[in-house]
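J.: Contents of input-v7.csv (CSV, C-alpha atoms and all ligand atoms) are given next:
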```csv
chain,number,residue,atom,x,y,z
A,20,MET,CA,16.2,34.3,4.2
A,21,HIS,CA,17.8,31.3,2.4
A,22,THR,CA,15.4,28.4,2.0
A,23,ASN,CA,15.5,25.2,0.0
A,24,PHE,CA,13.4,22.0,-0.5
A,25,ALA,CA,14.4,18.5,0.5
A,26,ARG,CA,12.6,15.2,0.6
A,27,ILE,CA,12.0,13.3,3.9
A,28,CYS,CA,13.8,10.0,3.6
A,29,ALA,CA,13.6,8.5,7.1
A,30,ASP,CA,11.4,8.8,10.1
A,31,TYR,CA,13.0,7.8,13.4
A,32,GLY,CA,10.1,9.0,15.5
A,33,GLN,CA,11.9,11.8,17.3
A,34,MET,CA,14.2,12.5,14.3
A,35,LEU,CA,13.5,13.0,10.6
A,36,HIS,CA,16.1,12.7,7.9
A,37,VAL,CA,16.1,14.3,4.4
A,38,PHE,CA,18.2,13.6,1.3
A,39,ASN,CA,20.8,16.2,0.9
A,40,GLU,CA,22.2,17.4,-2.5
A,41,LYS,CA,24.3,14.2,-2.7
A,42,ASN,CA,21.2,12.0,-2.0
A,43,GLN,CA,22.6,11.2,1.4
A,44,PRO,CA,20.4,11.1,4.5
A,45,GLU,CA,20.9,14.1,6.8
A,46,PRO,CA,19.0,15.0,10.1
A,47,VAL,CA,16.7,17.9,10.2
A,48,THR,CA,14.8,19.6,13.0
A,49,SER,CA,11.1,20.1,12.9
A,50,LEU,CA,9.8,23.5,13.9
A,51,ASN,CA,6.3,24.1,15.3
A,52,ILE,CA,4.6,23.3,12.1
A,53,GLU,CA,1.0,22.2,12.3
A,54,GLN,CA,1.3,18.9,10.6
A,55,ARG,CA,4.1,16.4,10.9
A,56,PRO,CA,5.6,15.4,7.5
A,57,VAL,CA,5.8,11.8,6.5
A,58,VAL,CA,8.4,9.9,4.5
A,59,GLY,CA,8.2,11.0,0.9
A,60,ASP,CA,7.1,14.5,1.7
A,61,TRP,CA,9.0,17.5,0.3
A,62,VAL,CA,9.8,20.0,3.0
A,63,GLN,CA,11.0,23.6,3.0
A,64,LEU,CA,14.1,24.1,5.1
A,65,ASP,CA,15.7,27.3,6.4
A,66,SER,CA,19.5,27.9,6.5
A,67,HIS,CA,19.7,26.0,9.9
A,68,LYS,CA,18.1,22.9,8.4
A,69,ARG,CA,14.9,23.4,10.2
A,70,ILE,CA,11.6,22.4,8.6
A,71,ILE,CA,9.5,25.5,8.0
A,72,GLY,CA,6.9,24.1,5.7
A,73,ILE,CA,5.6,21.1,3.8
A,74,LYS,CA,4.9,21.1,0.1
A,75,ASP,CA,1.5,19.9,-1.1
A,76,SER,CA,1.9,16.2,-2.0
A,77,TYR,CA,0.6,14.6,-5.2
A,78,SER,CA,-0.3,11.4,-3.4
A,79,GLN,CA,-0.8,10.4,0.2
A,80,ILE,CA,-1.1,6.9,1.5
A,81,THR,CA,-3.2,6.6,4.7
A,82,ARG,CA,-4.6,3.8,6.7
A,83,ILE,CA,-6.8,3.6,9.9
A,84,LYS,CA,-5.3,1.9,12.9
A,85,SER,CA,-7.3,-0.5,15.1
A,86,ASP,CA,-7.9,2.3,17.6
A,87,GLY,CA,-9.7,4.2,14.9
A,88,SER,CA,-6.9,6.8,14.4
A,89,THR,CA,-5.6,7.9,11.0
A,90,GLN,CA,-2.0,7.1,10.1
A,91,PRO,CA,-0.4,8.6,7.1
A,92,LEU,CA,2.1,6.0,5.7
A,93,ALA,CA,3.8,7.8,2.9
A,94,ALA,CA,3.6,10.7,0.5
A,95,ASN,CA,4.5,11.4,-3.1
A,96,VAL,CA,4.4,7.8,-4.1
A,97,ASP,CA,4.0,6.7,-7.8
A,98,HIS,CA,3.5,3.0,-7.4
A,99,ILE,CA,2.5,0.5,-4.8
A,100,TRP,CA,4.3,-2.9,-4.9
A,101,ILE,CA,2.4,-5.5,-2.9
A,102,PHE,CA,4.4,-8.5,-1.7
A,103,PHE,CA,2.9,-12.0,-1.7
A,104,PRO,CA,5.5,-14.4,-0.3
A,105,LEU,CA,5.5,-17.9,-1.8
A,106,ASP,CA,7.1,-19.5,1.3
A,107,ARG,CA,3.7,-20.0,3.1
A,108,ASP,CA,0.1,-20.9,2.4
A,109,PRO,CA,-1.6,-18.2,0.3
A,110,SER,CA,-4.4,-16.2,1.8
A,111,LEU,CA,-6.7,-14.9,-1.0
A,112,THR,CA,-8.4,-12.6,1.5
A,113,ARG,CA,-5.1,-11.0,2.6
A,114,TRP,CA,-3.9,-10.6,-1.0
A,115,GLU,CA,-7.3,-9.1,-2.0
A,116,ARG,CA,-7.3,-6.7,0.9
A,117,PHE,CA,-3.8,-5.3,0.1
A,118,CYS,CA,-4.9,-4.8,-3.6
A,119,LEU,CA,-8.2,-3.2,-2.5
A,120,PHE,CA,-6.2,-0.9,-0.3
A,121,ALA,CA,-3.9,0.1,-3.1
A,122,GLU,CA,-6.9,0.8,-5.3
A,123,SER,CA,-8.6,2.8,-2.6
A,124,GLN,CA,-5.5,5.1,-2.6
A,125,GLY,CA,-5.9,5.6,-6.3
A,126,PHE,CA,-3.3,3.0,-7.5
A,127,LYS,CA,-3.2,-0.1,-9.7
A,128,PRO,CA,-1.1,-2.4,-7.6
A,129,THR,CA,2.1,-4.1,-8.8
A,130,ILE,CA,2.0,-7.7,-7.4
A,131,VAL,CA,5.3,-9.1,-6.3
A,132,LEU,CA,5.2,-12.9,-5.8
A,133,SER,CA,8.4,-13.0,-3.7
A,134,LYS,CA,10.7,-15.8,-2.5
A,135,SER,CA,10.0,-17.8,-5.7
A,136,ASP,CA,13.0,-19.9,-5.0
A,137,LEU,CA,11.2,-21.5,-2.1
A,138,CYS,CA,8.2,-22.6,-4.2
A,139,PRO,CA,8.8,-25.5,-6.6
A,140,ASN,CA,5.6,-24.9,-8.6
A,141,PRO,CA,4.5,-21.2,-8.6
A,142,GLN,CA,2.0,-21.6,-11.4
A,143,PRO,CA,-1.1,-21.9,-9.3
A,144,TRP,CA,-0.1,-18.8,-7.3
A,145,ILE,CA,0.5,-16.8,-10.5
A,146,SER,CA,-3.0,-17.9,-11.7
A,147,MET,CA,-4.4,-16.9,-8.4
A,148,ALA,CA,-2.8,-13.5,-8.5
A,149,TYR,CA,-4.3,-13.0,-12.0
A,150,SER,CA,-7.7,-14.2,-10.9
A,151,LEU,CA,-7.8,-11.5,-8.3
A,152,GLY,CA,-8.6,-9.1,-11.2
A,153,PHE,CA,-6.3,-6.2,-10.2
A,154,GLY,CA,-4.4,-6.1,-13.5
A,155,GLU,CA,-1.5,-7.9,-15.2
A,156,ASP,CA,1.4,-6.3,-13.5
A,157,ILE,CA,2.5,-9.4,-11.7
A,158,HIS,CA,6.1,-10.3,-11.1
A,159,LEU,CA,7.7,-13.6,-9.9
A,160,VAL,CA,10.9,-12.7,-8.0
A,161,SER,CA,13.5,-14.1,-5.8
A,162,SER,CA,16.0,-11.9,-4.0
A,163,GLU,CA,18.0,-15.0,-3.2
A,164,THR,CA,18.6,-16.2,-6.9
A,165,GLY,CA,17.9,-12.9,-8.6
A,166,THR,CA,14.9,-14.2,-10.6
A,167,GLY,CA,12.8,-11.4,-11.9
A,168,THR,CA,14.4,-8.7,-9.8
A,169,ALA,CA,16.0,-6.8,-12.8
A,170,GLU,CA,12.7,-6.8,-14.7
A,171,LEU,CA,10.8,-5.5,-11.7
A,172,GLY,CA,13.5,-2.8,-11.0
A,173,ALA,CA,13.3,-1.7,-14.6
A,174,CYS,CA,9.6,-0.9,-14.2
A,175,LEU,CA,10.5,2.0,-11.9
A,176,ALA,CA,11.3,5.0,-14.0
A,177,HIS,CA,14.0,7.5,-13.0
A,178,GLY,CA,12.9,9.7,-10.1
A,179,LYS,CA,9.7,7.6,-9.4
A,180,THR,CA,8.9,6.1,-6.0
A,181,ALA,CA,7.4,2.7,-5.2
A,182,LEU,CA,6.0,2.0,-1.8
A,183,LEU,CA,6.7,-1.6,-0.6
A,184,LEU,CA,3.7,-3.1,1.1
A,185,GLY,CA,3.2,-6.5,2.7
A,186,GLN,CA,3.2,-8.5,5.9
A,187,SER,CA,6.4,-8.9,8.0
A,188,GLY,CA,8.9,-11.3,6.5
A,189,ALA,CA,7.5,-11.0,3.0
A,190,GLY,CA,10.9,-10.0,1.6
A,191,LYS,CA,10.5,-6.3,1.1
A,192,SER,CA,13.8,-5.2,2.6
A,193,SER,CA,15.6,-8.1,0.9
A,194,LEU,CA,14.4,-6.9,-2.5
A,195,ALA,CA,15.4,-3.3,-1.6
A,196,ASN,CA,18.8,-4.7,-0.8
A,197,VAL,CA,19.1,-6.2,-4.3
A,198,LEU,CA,17.8,-3.1,-6.1
A,199,CYS,CA,19.7,-0.5,-4.0
A,200,ASP,CA,23.3,0.1,-3.2
A,201,ASP,CA,22.3,1.0,0.3
A,202,TYR,CA,22.2,-1.6,3.1
A,203,GLN,CA,18.9,-2.6,4.7
A,204,PRO,CA,18.6,-4.8,7.8
A,205,VAL,CA,17.0,-8.2,7.2
A,206,ALA,CA,16.3,-11.0,9.6
A,207,PRO,CA,15.2,-14.6,9.1
A,208,VAL,CA,11.5,-15.5,9.4
A,209,ARG,CA,10.5,-17.9,12.2
A,210,GLU,CA,10.7,-21.5,10.9
A,211,ALA,CA,7.6,-22.8,12.6
A,212,ASP,CA,5.0,-20.4,11.2
A,213,HIS,CA,6.9,-18.3,8.6
A,214,ARG,CA,6.0,-15.2,10.5
A,215,GLY,CA,8.3,-12.2,10.1
A,216,ARG,CA,10.1,-10.6,13.0
A,217,HIS,CA,9.2,-7.1,12.2
A,218,THR,CA,12.8,-6.4,11.3
A,219,THR,CA,12.1,-3.0,9.7
A,220,THR,CA,11.0,-0.7,12.4
A,221,ILE,CA,11.2,2.7,10.6
A,222,ARG,CA,10.1,4.0,7.2
A,223,ARG,CA,12.9,4.7,4.8
A,224,LEU,CA,13.2,5.9,1.3
A,225,ILE,CA,16.2,4.3,-0.5
A,226,SER,CA,17.5,5.2,-3.9
A,227,THR,CA,17.8,2.4,-6.4
A,228,SER,CA,20.9,1.9,-8.5
A,229,ALA,CA,18.7,3.0,-11.5
A,230,GLY,CA,17.7,6.3,-10.0
A,231,GLY,CA,14.2,5.4,-8.7
A,232,TYR,CA,13.2,5.2,-5.0
A,233,LEU,CA,11.8,2.4,-2.9
A,234,LEU,CA,9.9,3.3,0.3
A,235,ASP,CA,10.5,0.4,2.7
A,236,ILE,CA,8.1,0.3,5.7
A,237,PRO,CA,7.5,-2.2,8.5
A,238,GLY,CA,5.3,-5.1,7.7
A,239,LEU,CA,1.6,-4.4,8.1
A,240,ARG,CA,-0.4,-6.7,10.3
A,241,GLU,CA,-3.7,-5.0,9.8
A,242,LEU,CA,-4.9,-2.8,7.1
A,243,SER,CA,-8.0,-0.7,7.2
A,244,TRP,CA,-8.7,2.6,5.4
A,245,HIS,CA,-11.1,5.4,5.1
A,246,GLY,CA,-13.9,4.6,2.7
A,247,GLN,CA,-13.3,0.8,2.8
A,248,ASP,CA,-17.0,0.2,3.0
A,249,GLU,CA,-17.6,2.1,-0.3
A,250,MET,CA,-19.5,0.1,-2.9
A,251,PRO,CA,-17.0,-1.3,-5.4
A,252,ASP,CA,-17.5,0.1,-8.9
A,253,GLU,CA,-18.1,-3.3,-10.4
A,254,PHE,CA,-21.1,-3.8,-8.0
A,255,ARG,CA,-22.9,-0.7,-9.1
A,256,VAL,CA,-24.3,-2.1,-12.3
A,257,TRP,CA,-26.3,-4.5,-10.1
A,258,THR,CA,-27.1,-2.2,-7.2
A,259,ASP,CA,-28.5,0.3,-9.7
A,260,GLN,CA,-31.0,-2.5,-10.7
A,261,CYS,CA,-31.9,-3.3,-7.1
A,262,LEU,CA,-35.7,-2.8,-6.6
A,263,PHE,CA,-35.4,-1.9,-2.9
A,264,SER,CA,-34.7,1.8,-2.6
A,265,ASP,CA,-33.4,1.5,1.0
A,266,CYS,CA,-31.5,-1.7,0.4
A,267,ASN,CA,-28.1,-2.1,2.0
A,268,HIS,CA,-27.4,-5.0,-0.4
A,269,LEU,CA,-26.2,-7.1,2.6
A,270,SER,CA,-29.0,-9.5,3.4
A,271,ASP,CA,-32.2,-9.5,1.4
A,272,LYS,CA,-32.3,-12.6,-0.8
A,273,SER,CA,-34.1,-10.7,-3.6
A,274,CYS,CA,-31.5,-7.9,-3.7
A,275,ALA,CA,-30.2,-7.6,-7.3
A,276,LEU,CA,-26.6,-7.6,-6.0
A,277,ILE,CA,-27.1,-10.8,-4.0
A,278,VAL,CA,-28.9,-12.5,-6.9
A,279,ALA,CA,-25.9,-11.5,-9.2
A,280,VAL,CA,-23.5,-13.1,-6.7
A,281,GLY,CA,-25.7,-16.2,-6.7
A,282,ASN,CA,-25.6,-16.4,-10.5
A,283,GLY,CA,-21.8,-16.1,-10.4
A,284,GLN,CA,-21.8,-12.7,-12.1
A,285,ILE,CA,-19.8,-11.4,-9.2
A,286,PRO,CA,-17.2,-13.6,-7.5
A,287,LEU,CA,-18.5,-14.7,-4.1
A,288,HIS,CA,-15.1,-14.0,-2.5
A,289,ARG,CA,-15.2,-10.4,-3.7
A,290,TYR,CA,-18.7,-9.9,-2.3
A,291,GLU,CA,-17.9,-11.6,1.1
A,292,HIS,CA,-14.8,-9.5,1.4
A,293,TRP,CA,-16.8,-6.3,0.9
A,294,LYS,CA,-19.3,-7.4,3.6
A,295,LYS,CA,-16.3,-7.9,5.9
A,296,LEU,CA,-15.0,-4.4,5.1
A,297,VAL,CA,-18.4,-2.9,5.8
A,298,ARG,CA,-18.7,-4.6,9.2
A,299,GLU,CA,-15.2,-3.6,10.1
A,300,ALA,CA,-15.7,0.0,9.0
A,301,SER,CA,-18.8,0.4,11.2
A,302,TYR,CA,-16.7,-0.9,14.1
A,303,LEU,CA,-13.9,1.5,13.4
A,304,ASN,CA,-16.3,4.4,13.0
A,305,ARG,CA,-17.6,3.7,16.5
A,306,ARG,CA,-14.1,3.8,17.9
A,307,GLU,CA,-13.2,7.0,16.2
A,308,ASP,CA,-14.0,10.3,17.9
A,309,PRO,CA,-17.4,11.3,16.6
A,310,LYS,CA,-16.5,14.9,15.7
A,311,MET,CA,-13.3,13.8,14.0
A,312,ALA,CA,-15.1,11.0,12.2
A,313,SER,CA,-17.6,13.3,10.7
A,314,ASN,CA,-14.9,15.8,9.5
A,315,SER,CA,-12.7,13.1,8.1
A,316,LYS,CA,-15.6,11.3,6.5
A,317,ARG,CA,-16.5,14.5,4.6
A,318,ARG,CA,-12.8,15.0,3.6
A,319,TRP,CA,-12.3,11.4,2.6
A,320,LYS,CA,-15.5,11.3,0.6
A,321,GLN,CA,-14.1,14.1,-1.5
A,322,ILE,CA,-10.7,12.5,-1.8
A,323,HIS,CA,-12.2,9.2,-2.9
A,324,LYS,CA,-14.4,11.0,-5.4
A,325,ASN,CA,-11.4,12.7,-6.9
A,326,LYS,CA,-9.4,9.4,-6.9
A,327,ARG,CA,-12.2,7.5,-8.6
A,328,GLN,CA,-12.4,10.1,-11.3
A,329,LYS,CA,-8.6,9.9,-11.6
A,330,THR,CA,-8.6,6.1,-11.8
A,331,ASN,CA,-11.4,6.1,-14.3
A,332,ARG,CA,-9.4,8.6,-16.3
A,333,ASP,CA,-6.4,6.3,-16.1
A,334,ARG,CA,-8.5,3.4,-17.2
A,335,MET,CA,-9.7,5.4,-20.2
A,336,ASP,CA,-6.1,6.4,-21.0
A,337,ASP,CA,-5.2,2.7,-21.0
A,338,ASN,CA,-7.7,2.0,-23.7
A,339,TRP,CA,-5.9,4.3,-26.2
B,401,LIG,N1,14.9,-18.0,0.2
B,401,LIG,C1,14.6,-16.7,0.2
B,401,LIG,N2,14.6,-16.0,1.3
B,401,LIG,C2,14.2,-14.7,1.3
B,401,LIG,C3,13.9,-14.0,0.1
B,401,LIG,N3,13.6,-12.7,0.3
B,401,LIG,C4,13.7,-12.6,1.7
B,401,LIG,N4,14.1,-13.8,2.2
B,401,LIG,C5,14.3,-14.0,3.7
B,401,LIG,O1,13.1,-13.8,4.4
B,401,LIG,C6,13.4,-13.2,5.6
B,401,LIG,C7,12.6,-11.9,5.8
B,401,LIG,O2,13.0,-11.0,4.7
B,401,LIG,P1,12.8,-9.4,4.9
B,401,LIG,O3,13.4,-8.9,3.6
B,401,LIG,O4,13.4,-8.9,6.2
B,401,LIG,O5,11.3,-9.2,5.0
B,401,LIG,P2,10.4,-7.9,5.2
B,401,LIG,O6,9.2,-8.0,4.4
B,401,LIG,O7,11.3,-6.7,5.0
B,401,LIG,O8,10.0,-8.0,6.8
B,401,LIG,P3,9.7,-6.8,7.8
B,401,LIG,O9,10.8,-5.8,7.8
B,401,LIG,O10,9.6,-7.5,9.1
B,401,LIG,O11,8.4,-6.2,7.4
B,401,LIG,C8,14.9,-13.0,5.6
B,401,LIG,O12,15.5,-14.1,6.3
B,401,LIG,C9,15.3,-13.1,4.2
B,401,LIG,O13,16.6,-13.5,4.1
B,401,LIG,C10,14.0,-14.8,-1.2
B,401,LIG,O14,13.7,-14.3,-2.3
B,401,LIG,N5,14.3,-16.1,-1.0
B,402,MG,MG,11.8,-5.1,6.2
B,403,ZN,ZN,-30.0,-4.5,-2.8
```
For this file, write the structure as structure tokens.
Ligand SMILES: Nc1nc2c(ncn2[C@@H]2O[C@H](COP(=O)(O)OP(=O)(O)OP(=O)(O)O)[C@@H](O)[C@H]2O)c(=O)[nH]1
Ligand SMILES: [Mg+2]
Ligand SMILES: [Zn+2]

T.:
Amino acid sequence: MHTNFARICADYGQMLHVFNEKNQPEPVTSLNIEQRPVVGDWVQLDSHKRIIGIKDSYSQITRIKSDGSTQPLAANVDHIWIFFPLDRDPSLTRWERFCLFAESQGFKPTIVLSKSDLCPNPQPWISMAYSLGFGEDIHLVSSETGTGTAELGACLAHGKTALLLGQSGAGKSSLANVLCDDYQPVAPVREADHRGRHTTTIRRLISTSAGGYLLDIPGLRELSWHGQDEMPDEFRVWTDQCLFSDCNHLSDKSCALIVAVGNGQIPLHRYEHWKKLVREASYLNRREDPKMASNSKRRWKQIHKNKRQKTNRDRMDDNW
């Protein structure tokens, strides 16, 4: 039987599209395969353009929704670009959360300070982005004036895929419009509160003029993930010194981690944020079906372990 592989490029709910040989979207039918593919997956098709299998992905981006269920967002992604729009007040907590999410999925985030034309003095924002401590890959861009867009586009090597993450109205699709020949729908944000209108309602993979791929998804209002309550690596040096063997490092004043926070050795916002993630995770765990929770917990523990090892390896590679 004739079979070939194609990449899922759009998810319309009922209907999935793949890129054909000419990189054009084309509908496919899904057979009774156990798992539903997500945008970015490579699927095996029979001669009638029916999906008969999914290739193992080299990366999977997954979040937990507020009802406790797991939602795969994308597959086979090489970079995560996080959008921080400069047309509204910054939220350090939100910025940090997006970056922690990217890290939890095994990525060093690329930070896109978008809509720079609407911010007369972006310097404090740039400093704030650096102060988050998620690396130096920070870009000031405007899709309106073209500032920084070519430089950012050039970071995406031929054939590589960047997932665009950010709240609604952050300017994700507008940037995709600049970097891709393809048209993406865009709508103005509400003047009063700068909130987006959730213009993008489906997930789409678009090819850039330079041969890369952008995965544009709807703006995310909430962002939780499996293992979000895991102890950050930079805390471990302190928790290892904690004298209380059963300490949860959340409340005891003599806890070595809390003392380190008090001494400024760990930024207070980072510690407070972790406490928030721990509280939230216990709430989400209670919502999740107990059997599923225990299965997925085991699975995710292993995935995070692998990812940590991979990220540590990457860090080591960077030192060469
Ligand atoms: N001035 C200015 N406006 C921009 C820029 N980028 C986007 N916008 C405007 O901001 C609004 C929202 O942009 P979108 O690109 O739709 O935002 P999005 O992140 O894709 O939003 P969702 O699809 O809802 O998640 C639109 O009115 C855009 O024209 C920019 O660089 N400068
Ligand atoms: Mg959009
Ligand atoms: Zn402790």

J.: Give the residue list for ligand MG 402 (chain B) at 6 Å, counting only C-alpha atoms and all ligand atoms, as a list in words, sorted by chain and then by residue number.

T.: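 Within the 6 Å cut-off, the matching residues are Lys191, Ser192, Thr218, Thr219 and Pro237 of chain A.
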
J.: As a CSV table (one decimal) with C-alpha atoms, in the frame of the given file, please: every protein or nucleic acid residue near ligand LIG 401 (chain B) (cut-off 10 Å, counting only C-alpha atoms and all ligand atoms).

T.:
```csv
chain,number,residue,atom,x,y,z
A,102,PHE,CA,4.4,-8.5,-1.7
A,103,PHE,CA,2.9,-12.0,-1.7
A,104,PRO,CA,5.5,-14.4,-0.3
A,105,LEU,CA,5.5,-17.9,-1.8
A,106,ASP,CA,7.1,-19.5,1.3
A,132,LEU,CA,5.2,-12.9,-5.8
A,133,SER,CA,8.4,-13.0,-3.7
A,134,LYS,CA,10.7,-15.8,-2.5
A,135,SER,CA,10.0,-17.8,-5.7
A,136,ASP,CA,13.0,-19.9,-5.0
A,137,LEU,CA,11.2,-21.5,-2.1
A,138,CYS,CA,8.2,-22.6,-4.2
A,159,LEU,CA,7.7,-13.6,-9.9
A,160,VAL,CA,10.9,-12.7,-8.0
A,161,SER,CA,13.5,-14.1,-5.8
A,162,SER,CA,16.0,-11.9,-4.0
A,163,GLU,CA,18.0,-15.0,-3.2
A,164,THR,CA,18.6,-16.2,-6.9
A,165,GLY,CA,17.9,-12.9,-8.6
A,166,THR,CA,14.9,-14.2,-10.6
A,168,THR,CA,14.4,-8.7,-9.8
A,183,LEU,CA,6.7,-1.6,-0.6
A,184,LEU,CA,3.7,-3.1,1.1
A,185,GLY,CA,3.2,-6.5,2.7
A,186,GLN,CA,3.2,-8.5,5.9
A,187,SER,CA,6.4,-8.9,8.0
A,188,GLY,CA,8.9,-11.3,6.5
A,189,ALA,CA,7.5,-11.0,3.0
A,190,GLY,CA,10.9,-10.0,1.6
A,191,LYS,CA,10.5,-6.3,1.1
A,192,SER,CA,13.8,-5.2,2.6
A,193,SER,CA,15.6,-8.1,0.9
A,194,LEU,CA,14.4,-6.9,-2.5
A,195,ALA,CA,15.4,-3.3,-1.6
A,196,ASN,CA,18.8,-4.7,-0.8
A,197,VAL,CA,19.1,-6.2,-4.3
A,203,GLN,CA,18.9,-2.6,4.7
A,204,PRO,CA,18.6,-4.8,7.8
A,205,VAL,CA,17.0,-8.2,7.2
A,206,ALA,CA,16.3,-11.0,9.6
A,207,PRO,CA,15.2,-14.6,9.1
A,208,VAL,CA,11.5,-15.5,9.4
A,209,ARG,CA,10.5,-17.9,12.2
A,210,GLU,CA,10.7,-21.5,10.9
A,213,HIS,CA,6.9,-18.3,8.6
A,214,ARG,CA,6.0,-15.2,10.5
A,215,GLY,CA,8.3,-12.2,10.1
A,216,ARG,CA,10.1,-10.6,13.0
A,217,HIS,CA,9.2,-7.1,12.2
A,218,THR,CA,12.8,-6.4,11.3
A,219,THR,CA,12.1,-3.0,9.7
A,220,THR,CA,11.0,-0.7,12.4
A,221,ILE,CA,11.2,2.7,10.6
A,222,ARG,CA,10.1,4.0,7.2
A,235,ASP,CA,10.5,0.4,2.7
A,236,ILE,CA,8.1,0.3,5.7
A,237,PRO,CA,7.5,-2.2,8.5
A,238,GLY,CA,5.3,-5.1,7.7
A,239,LEU,CA,1.6,-4.4,8.1
A,240,ARG,CA,-0.4,-6.7,10.3
```

J.: Quick one: residues within 9 Å of segment 107-122 of chain A, all atoms listed in the file counted, chain neighbours fewer than 5 positions away excluded, as a PyMOL selection string?

T.: chain A and resi 80+82+99-102+127-130+138+144+147-148+151+153+184-185+212-213+242-244+247+288-289+292+330

J.: Would you name the residues within 12 Å of ligand ZN 403 (chain B), counting only C-alpha atoms and all ligand atoms, and put them as an mmCIF file with C-alpha atoms, in the coordinates of the input?

T.:
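Final output, selection.cif:
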```
data_model
loop_
_atom_site.group_PDB
_atom_site.id
_atom_site.type_symbol
_atom_site.label_atom_id
_atom_site.label_comp_id
_atom_site.auth_asym_id
_atom_site.auth_seq_id
_atom_site.Cartn_x
_atom_site.Cartn_y
_atom_site.Cartn_z
ATOM 1 C CA MET A 250 -19.500 0.100 -2.900
ATOM 2 C CA PHE A 254 -21.100 -3.800 -8.000
ATOM 3 C CA ARG A 255 -22.900 -0.700 -9.100
ATOM 4 C CA VAL A 256 -24.300 -2.100 -12.300
ATOM 5 C CA TRP A 257 -26.300 -4.500 -10.100
ATOM 6 C CA THR A 258 -27.100 -2.200 -7.200
ATOM 7 C CA ASP A 259 -28.500 0.300 -9.700
ATOM 8 C CA GLN A 260 -31.000 -2.500 -10.700
ATOM 9 C CA CYS A 261 -31.900 -3.300 -7.100
ATOM 10 C CA LEU A 262 -35.700 -2.800 -6.600
ATOM 11 C CA PHE A 263 -35.400 -1.900 -2.900
ATOM 12 C CA SER A 264 -34.700 1.800 -2.600
ATOM 13 C CA ASP A 265 -33.400 1.500 1.000
ATOM 14 C CA CYS A 266 -31.500 -1.700 0.400
ATOM 15 C CA ASN A 267 -28.100 -2.100 2.000
ATOM 16 C CA HIS A 268 -27.400 -5.000 -0.400
ATOM 17 C CA LEU A 269 -26.200 -7.100 2.600
ATOM 18 C CA SER A 270 -29.000 -9.500 3.400
ATOM 19 C CA ASP A 271 -32.200 -9.500 1.400
ATOM 20 C CA LYS A 272 -32.300 -12.600 -0.800
ATOM 21 C CA SER A 273 -34.100 -10.700 -3.600
ATOM 22 C CA CYS A 274 -31.500 -7.900 -3.700
ATOM 23 C CA ALA A 275 -30.200 -7.600 -7.300
ATOM 24 C CA LEU A 276 -26.600 -7.600 -6.000
ATOM 25 C CA ILE A 277 -27.100 -10.800 -4.000
ATOM 26 C CA VAL A 278 -28.900 -12.500 -6.900
ATOM 27 C CA ALA A 279 -25.900 -11.500 -9.200
ATOM 28 C CA VAL A 280 -23.500 -13.100 -6.700
#
```

J.: Taking all atoms listed in the file into account, which of A:Leu287, A:Leu92, A:Leu171, A:Ile145 comes nearest Arg55 of chain A?

T.: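 For Arg55 of chain A, the nearest of the candidates is A:Leu92.
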
J.: So what do you get for atom CA of Ser76 of chain A versus atom CA of Glu155 of chain A, distance-wise?

T.: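 Pair atom CA of Ser76 of chain A / atom CA of Glu155 of chain A returns 27.7 Å.
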
J.: Find the distance between atom CA of Val57 of chain A and atom CA of Lys295 of chain A and write it in Å to one decimal.

T.: 29.6 Å

J.: Identify, on the basis of only C-alpha atoms, every residue whose closest approach to Arg223 of chain A does not exceed 9 Å; exclude the query and any residue fewer than 2 positions from it along the same chain; express the result as an NGL selection string.

T.: :A and (27-30 or 58-59 or 221 or 225 or 233-236)
